[in-house]
>>> print(open('coords.txt').read())   # compact mmCIF, C-alpha atoms and all ligand atoms
# COMPACT_ATOMS: atom_id res chain seq x y z
CA MET A 1 17.82 -12.32 12.77
CA SER A 2 14.27 -11.05 12.78
CA VAL A 3 11.43 -12.89 14.49
CA LEU A 4 9.93 -13.61 11.07
CA ALA A 5 10.10 -12.32 7.50
CA VAL A 6 6.72 -11.00 6.37
CA GLU A 7 5.96 -11.45 2.69
CA ASP A 8 3.62 -8.52 1.99
CA ILE A 9 1.18 -6.00 3.39
CA ALA A 10 -2.31 -7.46 3.75
CA TYR A 11 -4.75 -4.64 4.48
CA VAL A 12 -5.21 -1.22 6.10
CA ARG A 13 -7.93 -0.37 8.59
CA PHE A 14 -9.77 2.90 9.09
CA THR A 15 -12.67 4.22 11.13
CA ALA A 16 -15.30 6.52 9.64
CA PRO A 17 -18.72 7.72 10.73
CA ARG A 18 -20.58 6.88 7.52
CA LEU A 19 -19.70 3.57 5.90
CA SER A 20 -21.92 4.26 2.88
CA GLU A 21 -19.91 7.39 2.11
CA MET A 22 -16.65 5.45 2.44
CA GLN A 23 -18.03 2.68 0.24
CA ALA A 24 -19.06 5.18 -2.44
CA PHE A 25 -15.63 6.82 -2.49
CA LEU A 26 -13.74 3.52 -2.53
CA SER A 27 -15.92 2.23 -5.37
CA ASP A 28 -15.01 5.33 -7.38
CA PHE A 29 -11.36 4.72 -6.37
CA GLY A 30 -11.51 1.23 -7.87
CA LEU A 31 -12.13 -1.12 -4.95
CA PHE A 32 -14.95 -3.65 -4.78
CA GLU A 33 -17.22 -4.23 -1.81
CA THR A 34 -16.88 -7.78 -0.64
CA PHE A 35 -18.72 -7.85 2.67
CA SER A 36 -20.25 -5.48 5.19
CA ALA A 37 -22.00 -6.27 8.43
CA ASP A 38 -22.13 -5.16 12.03
CA GLY A 39 -20.72 -1.72 11.26
CA ILE A 40 -17.68 -3.00 9.30
CA LEU A 41 -17.03 -2.50 5.58
CA TYR A 42 -14.60 -4.80 3.75
CA MET A 43 -13.36 -3.80 0.29
CA ARG A 44 -11.22 -5.98 -1.97
CA GLY A 45 -9.14 -5.48 -5.07
CA ALA A 46 -9.36 -7.53 -8.25
CA GLY A 47 -6.50 -9.77 -7.05
CA ARG A 48 -6.40 -12.74 -4.72
CA SER A 49 -6.61 -11.08 -1.29
CA PRO A 50 -10.02 -11.45 0.37
CA TYR A 51 -9.92 -7.73 1.26
CA VAL A 52 -7.40 -4.87 1.32
CA HIS A 53 -9.29 -2.03 3.05
CA VAL A 54 -11.43 -2.26 6.19
CA THR A 55 -13.57 0.49 7.72
CA GLU A 56 -15.23 0.27 11.10
CA GLN A 57 -17.93 2.70 12.11
CA GLY A 58 -16.54 5.42 14.38
CA ARG A 59 -14.77 8.74 14.47
CA PRO A 60 -12.68 9.22 11.32
CA GLY A 61 -9.13 7.95 11.59
CA PHE A 62 -6.45 5.44 10.65
CA ALA A 63 -6.81 2.26 12.72
CA GLY A 64 -3.80 0.20 11.68
CA LEU A 65 -2.14 -2.00 9.11
CA ALA A 66 -1.77 -5.73 8.64
CA LEU A 67 1.24 -7.65 7.37
CA ARG A 68 1.12 -11.16 5.95
CA ALA A 69 3.25 -13.90 7.50
CA ARG A 70 4.45 -16.72 5.28
CA ASP A 71 2.71 -19.43 7.30
CA MET A 72 1.19 -20.37 10.64
CA ALA A 73 4.56 -21.52 12.01
CA ASP A 74 5.89 -17.97 11.64
CA LEU A 75 2.78 -16.57 13.30
CA GLU A 76 3.15 -19.00 16.20
CA ARG A 77 6.79 -17.99 16.68
CA LEU A 78 5.77 -14.31 16.71
CA ALA A 79 3.03 -14.99 19.24
CA ALA A 80 5.41 -16.93 21.48
CA THR A 81 8.22 -14.39 21.42
CA GLN A 82 5.90 -11.42 21.93
CA LYS A 83 3.71 -13.24 24.48
CA GLN A 84 0.58 -12.44 22.48
CA ALA A 85 -2.40 -14.62 21.69
CA ILE A 86 -3.17 -15.98 18.24
CA GLU A 87 -6.77 -15.07 17.56
CA PRO A 88 -9.09 -16.24 14.79
CA LEU A 89 -9.52 -13.61 12.10
CA ASN A 90 -13.28 -13.16 11.94
CA ALA A 91 -13.36 -11.65 8.47
CA PRO A 92 -13.75 -12.77 4.86
CA GLY A 93 -11.10 -15.39 4.10
CA GLY A 94 -10.68 -16.41 7.74
CA GLY A 95 -7.18 -17.07 9.00
CA ALA A 96 -5.46 -16.08 12.23
CA VAL A 97 -4.00 -12.87 13.60
CA VAL A 98 -1.53 -11.61 16.19
CA ARG A 99 -2.03 -7.98 17.21
CA LEU A 100 0.91 -5.78 18.23
CA ARG A 101 1.62 -2.09 18.89
CA ASP A 102 4.60 -0.45 17.20
CA PRO A 103 6.75 2.16 19.03
CA ASP A 104 4.42 4.96 17.86
CA GLY A 105 1.30 3.17 19.05
CA PHE A 106 0.07 2.04 15.63
CA CYS A 107 -1.85 -1.24 15.69
CA VAL A 108 0.06 -3.76 13.57
CA GLU A 109 -1.70 -7.03 12.83
CA VAL A 110 0.17 -10.01 11.46
CA VAL A 111 -2.03 -12.50 9.64
CA ALA A 112 -1.61 -16.03 8.30
CA GLY A 113 -3.85 -18.68 6.83
CA GLN A 114 -6.22 -16.38 4.96
CA SER A 115 -7.96 -18.12 2.07
CA ALA A 116 -7.17 -16.55 -1.29
CA VAL A 117 -10.15 -15.55 -3.44
CA GLU A 118 -10.59 -15.93 -7.18
CA PRO A 119 -9.38 -12.83 -9.04
CA LEU A 120 -12.24 -10.76 -10.43
CA LEU A 121 -12.86 -11.17 -14.13
CA VAL A 122 -11.98 -7.93 -15.87
CA GLU A 123 -11.19 -7.24 -19.50
CA PRO A 124 -7.67 -8.27 -20.53
CA ILE A 125 -5.03 -5.55 -20.67
CA VAL A 126 -4.57 -4.45 -24.27
CA PRO A 127 -0.83 -4.58 -24.93
CA TRP A 128 1.34 -1.51 -25.48
CA ASN A 129 3.39 -0.75 -28.55
CA SER A 130 6.72 1.01 -28.27
CA ALA A 131 9.21 2.04 -30.93
CA ALA A 132 11.27 -1.03 -30.01
CA SER A 133 8.54 -3.65 -29.79
CA THR A 134 5.05 -3.97 -31.20
CA HIS A 135 2.72 -6.14 -29.15
CA ARG A 136 -0.51 -4.61 -30.47
CA VAL A 137 -0.96 -5.25 -34.20
CA ARG A 138 -4.27 -5.15 -36.09
CA GLN A 139 -5.95 -4.38 -32.77
CA THR A 140 -7.45 -1.08 -31.67
CA LYS A 141 -7.21 0.26 -28.13
CA ARG A 142 -10.54 1.39 -26.69
CA LEU A 143 -10.59 1.96 -22.96
CA ARG A 144 -13.68 1.60 -20.82
CA ILE A 145 -14.52 4.82 -18.96
CA GLY A 146 -14.87 4.25 -15.22
CA PRO A 147 -12.87 3.63 -12.05
CA SER A 148 -9.37 2.19 -12.08
CA HIS A 149 -9.11 -1.46 -11.19
CA VAL A 150 -7.22 -1.74 -7.92
CA VAL A 151 -5.50 -5.13 -7.96
CA ARG A 152 -3.77 -5.14 -4.58
CA LEU A 153 -2.53 -3.08 -1.67
CA GLY A 154 1.15 -2.28 -2.21
CA HIS A 155 2.47 -0.21 0.68
CA CYS A 156 1.78 2.31 3.35
CA VAL A 157 3.83 5.19 4.72
CA LEU A 158 3.83 6.07 8.41
CA ALA A 159 4.96 9.37 9.92
CA VAL A 160 6.81 8.46 13.13
CA ARG A 161 8.32 10.37 16.07
CA ASP A 162 11.63 8.46 16.26
CA PHE A 163 12.66 7.01 12.92
CA ARG A 164 15.50 4.83 14.27
CA ALA A 165 13.28 3.34 16.98
CA ALA A 166 10.52 2.53 14.51
CA GLU A 167 12.99 1.17 11.95
CA ARG A 168 14.61 -1.09 14.56
CA TRP A 169 11.24 -2.46 15.66
CA TYR A 170 10.00 -3.22 12.13
CA LYS A 171 13.30 -4.78 11.07
CA GLU A 172 13.80 -6.89 14.18
CA MET A 173 10.21 -8.06 14.18
CA PHE A 174 9.48 -8.54 10.47
CA GLY A 175 12.80 -8.67 8.60
CA PHE A 176 12.36 -5.56 6.49
CA ILE A 177 15.32 -4.49 4.31
CA THR A 178 16.13 -0.85 3.55
CA SER A 179 15.81 -0.02 -0.15
CA ASP A 180 16.49 3.73 0.10
CA GLU A 181 17.33 5.66 3.24
CA ILE A 182 16.71 9.42 3.01
CA VAL A 183 19.60 11.52 4.30
CA THR A 184 19.98 15.31 4.27
CA ALA A 185 23.19 17.06 3.21
CA GLU A 186 23.89 17.53 6.94
CA GLY A 187 23.63 13.78 7.53
CA LEU A 188 20.23 13.77 9.24
CA VAL A 189 18.28 10.60 8.44
CA LEU A 190 14.66 11.49 7.63
CA GLY A 191 13.25 8.06 6.92
CA ALA A 192 13.49 5.03 4.70
CA PHE A 193 11.70 2.88 2.16
CA LEU A 194 11.62 -0.72 3.41
CA ARG A 195 10.97 -3.90 1.43
CA CYS A 196 10.17 -7.44 2.46
CA ASP A 197 12.97 -9.97 2.64
CA ARG A 198 11.83 -12.61 0.19
CA GLY A 199 15.29 -13.88 -0.71
CA ASP A 200 15.60 -14.33 -4.47
CA THR A 201 11.91 -13.59 -5.07
CA ALA A 202 11.44 -10.06 -6.38
CA THR A 203 9.30 -7.81 -4.20
CA ASP A 204 8.15 -4.19 -4.26
CA HIS A 205 10.81 -1.51 -3.67
CA HIS A 206 8.80 -0.58 -0.59
CA THR A 207 6.05 -2.33 1.32
CA LEU A 208 6.44 0.06 4.25
CA ALA A 209 8.03 3.50 4.49
CA LEU A 210 8.80 5.37 7.70
CA ALA A 211 9.14 9.15 7.71
CA LEU A 212 10.46 11.22 10.63
CA SER A 213 7.86 13.75 11.72
CA ALA A 214 7.78 16.43 14.40
CA GLN A 215 4.01 16.10 14.49
CA ALA A 216 1.91 13.32 16.00
CA PRO A 217 2.33 9.88 14.38
CA ARG A 218 -0.07 9.38 11.52
CA LEU A 219 -0.67 7.51 8.31
CA GLU A 220 0.97 9.47 5.52
CA HIS A 221 -0.74 7.39 2.84
CA ALA A 222 -1.74 3.90 1.75
CA ALA A 223 -1.02 2.84 -1.83
CA PHE A 224 -2.91 0.50 -4.13
CA GLU A 225 -1.56 -1.04 -7.32
CA VAL A 226 -3.73 -0.65 -10.42
CA ARG A 227 -3.52 -2.62 -13.66
CA ASP A 228 -1.36 -0.37 -15.82
CA LEU A 229 -0.82 3.24 -16.89
CA ASP A 230 -4.02 3.39 -18.96
CA ASP A 231 -5.98 2.07 -16.00
CA LEU A 232 -4.43 4.68 -13.71
CA MET A 233 -5.13 7.56 -16.11
CA VAL A 234 -8.71 6.50 -16.84
CA GLY A 235 -9.28 6.25 -13.09
CA HIS A 236 -7.78 9.70 -12.57
CA ASP A 237 -10.26 11.26 -14.97
CA TYR A 238 -13.10 9.30 -13.39
CA LEU A 239 -12.28 10.40 -9.82
CA ALA A 240 -12.06 14.00 -11.03
CA SER A 241 -15.41 13.69 -12.82
CA ARG A 242 -16.96 12.47 -9.57
CA GLY A 243 -15.72 15.55 -7.70
CA HIS A 244 -13.21 13.81 -5.42
CA ALA A 245 -10.17 15.61 -3.98
CA ALA A 246 -6.94 15.13 -5.91
CA SER A 247 -3.80 15.39 -3.80
CA TRP A 248 -0.74 14.95 -6.06
CA GLY A 249 -0.18 13.47 -9.48
CA VAL A 250 0.03 12.12 -12.01
CA GLY A 251 3.80 11.68 -12.12
CA ARG A 252 6.65 9.17 -11.92
CA HIS A 253 8.68 9.01 -8.70
CA VAL A 254 12.44 8.61 -8.63
CA LEU A 255 12.65 6.37 -5.53
CA GLY A 256 10.67 3.26 -6.37
CA SER A 257 10.12 4.54 -9.93
CA GLN A 258 6.37 4.06 -9.80
CA VAL A 259 3.81 6.15 -11.64
CA PHE A 260 1.73 7.71 -8.85
CA ASP A 261 -1.60 9.48 -8.35
CA TYR A 262 -2.70 10.54 -4.86
CA TRP A 263 -6.29 11.22 -3.78
CA ARG A 264 -8.05 11.94 -0.51
CA ASP A 265 -10.94 9.99 0.95
CA PRO A 266 -13.95 11.93 2.34
CA TRP A 267 -12.16 12.37 5.70
CA GLY A 268 -8.83 13.47 4.25
CA HIS A 269 -6.83 10.21 4.34
CA THR A 270 -4.47 10.02 1.38
CA LEU A 271 -4.74 6.98 -0.87
CA GLU A 272 -2.41 6.40 -3.82
CA HIS A 273 -2.91 4.66 -7.12
CA TRP A 274 0.37 3.38 -8.53
CA THR A 275 1.72 1.21 -11.31
CA ASP A 276 5.06 0.10 -12.78
CA GLY A 277 7.19 0.16 -9.61
CA ASP A 278 10.67 -1.26 -9.07
CA LEU A 279 10.96 -4.89 -8.01
CA LEU A 280 14.04 -5.90 -6.00
CA THR A 281 15.47 -9.01 -4.36
CA ARG A 282 17.53 -9.36 -1.19
CA ALA A 283 20.70 -9.18 -3.31
CA ASP A 284 19.89 -5.63 -4.44
CA GLY A 285 21.01 -4.31 -1.04
CA SER A 286 20.42 -0.84 0.35
CA ARG A 287 21.37 2.67 -0.69
CA GLN A 288 21.10 6.22 0.53
CA ALA A 289 19.22 8.96 -1.30
CA SER A 290 18.82 12.69 -0.93
CA ILE A 291 15.74 14.68 0.01
CA GLU A 292 15.84 16.03 -3.55
CA GLU A 293 15.52 12.51 -4.96
CA LEU A 294 12.64 11.87 -2.56
CA ARG A 295 10.73 14.91 -3.76
CA ALA A 296 11.67 14.80 -7.43
CA VAL A 297 9.56 13.45 -10.23
CA GLN A 298 10.96 12.00 -13.47
CA TRP A 299 7.97 13.52 -15.22
CA GLY A 300 4.65 14.98 -14.16
CA ALA A 301 3.53 17.15 -11.31
CA PRO A 302 6.19 18.26 -8.79
CA GLY A 303 4.84 18.02 -5.28
CA SER A 304 5.13 16.98 -1.68
CA ALA A 305 7.67 15.03 0.32
CA SER A 306 6.81 11.36 0.50
CA ALA A 307 6.40 8.52 -1.92
FE FE B 1 3.42 5.67 -2.03
>>> encode(input="coords.txt", output="structure tokens", more="lines below")
Ligand SMILES: [Fe+2]
Amino acid sequence: MSVLAVEDIAYVRFTAPRLSEMQAFLSDFGLFETFSADGILYMRGAGRSPYVHVTEQGRPGFAGLALRARDMADLERLAATQKQAIEPLNAPGGGAVVRLRDPDGFCVEVVAGQSAVEPLLVEPIVPWNSAASTHRVRQTKRLRIGPSHVVRLGHCVLAVRDFRAAERWYKEMFGFITSDEIVTAEGLVLGAFLRCDRGDTATDHHTLALALSAQAPRLEHAAFEVRDLDDLMVGHDYLASRGHAASWGVGRHVLGSQVFDYWRDPWGHTLEHWTDGDLLTRADGSRQASIEELRAVQWGAPGSASA
């Protein structure tokens, strides 16, 4: 039994020397500034989370991730078992937080009690026709040129020194379930995609992924869900037109199945746009996959090693 079962990822935190430059990039990426003061920039998506990306003024770097507990009772149990204080979350949406360090030294915040915000009003998604079903009849499709609309944060991938140690910590603490474990032909386990245990409620194929690395622990990437494929592609063209650094994409992964598009922020952190990922329940269990499946695309640009 884990200490608690988290229900999603809440936000990622970074440090950067120039908040205005981060704000400009993230606006082009499809996030919306919600609040900034005292050297901290909060950016939200169009969904119900008060914010999904935080930047504090400082030397450029990844500063940690936050997971969302189901309720305050879970947060109190975590605090008691880990002998940590519950602190007020002095940020948009309020709430409470317990701060931990994972085996690689990453700051992991667990939050509860944040107030949801009203979703931003954006134009409705124009339905898609396929050969099998026609949902768009007597209606043209005209897309607005501009940034994608990030709706929510979906997952992040951490490069870790000892995969089994990190996996044990995240599973025992937060109840993560393996969706796909990556194993070489020689039987070496290189990492895993982990999903939240939400019982019969479907959840993303991965909310966290851990990848074995011989280098120092680092954020591999953080991934934000956009509205649909049109929204992702329009945003791709917009980021390119603004001169930002593309990293990998567009393509469709095998593991998780999502359509992906990776970009780099002004300090080189990789951020992903994704849409149309797999949704699984606890009953879907766990499987093993090869390094070839990890790297493969079902269509689009072949590329690097993590999804
Ligand atoms: Fe990803």
>>> residues_around(input="coords.txt", residues="range 261-263 of chain A", least_positions_apart="2", cutoff="8 Å", atoms="all atoms listed in the file", output="VMD selection string")
chain A and resid 232 236 244 to 251 259 265 270 to 274
>>> residues_near_ligand(input="coords.txt", ligand="ligand FE 1 (chain B)", cutoff="8 Å", atoms="all atoms listed in the file", output="PyMOL selection string")
chain A and resi 155-157+221-223+260+272+274+306-307
>>> closest_residue(input="coords.txt", among="A:Asp8, A:Glu109, A:Asp231, A:Glu33", to="Val122 in chain A", atoms="only C-alpha atoms")
A:Asp231
>>> atom_distance(input="coords.txt", atom1="CA of Leu239 in chain A", atom2="CA of Arg227 in chain A")
16.2 Å
>>> closest_residue(input="coords.txt", among="A:Thr184, A:Ala166, A:Ala131, A:Met43", to="Pro103 in chain A", atoms="only C-alpha atoms")
A:Ala166
>>> closest_residue(input="coords.txt", among="A:Cys196, A:Val160, A:Val54, A:Ala91", to="Gly285 in chain A", atoms="only C-alpha atoms")
A:Cys196
>>> closest_residue(input="coords.txt", among="A:Val234, A:Ala296, A:Leu26, A:Ala66", to="Leu89 in chain A", atoms="all atoms listed in the file")
A:Ala66
>>> residues_around(input="coords.txt", residues="range 197-210 of chain A", least_positions_apart="4", cutoff="9 Å", atoms="only C-alpha atoms", output="VMD selection string")
chain A and resid 5 to 9 154 to 160 163 166 to 167 174 to 180 190 to 193 255 to 257 277 to 283 306 to 307
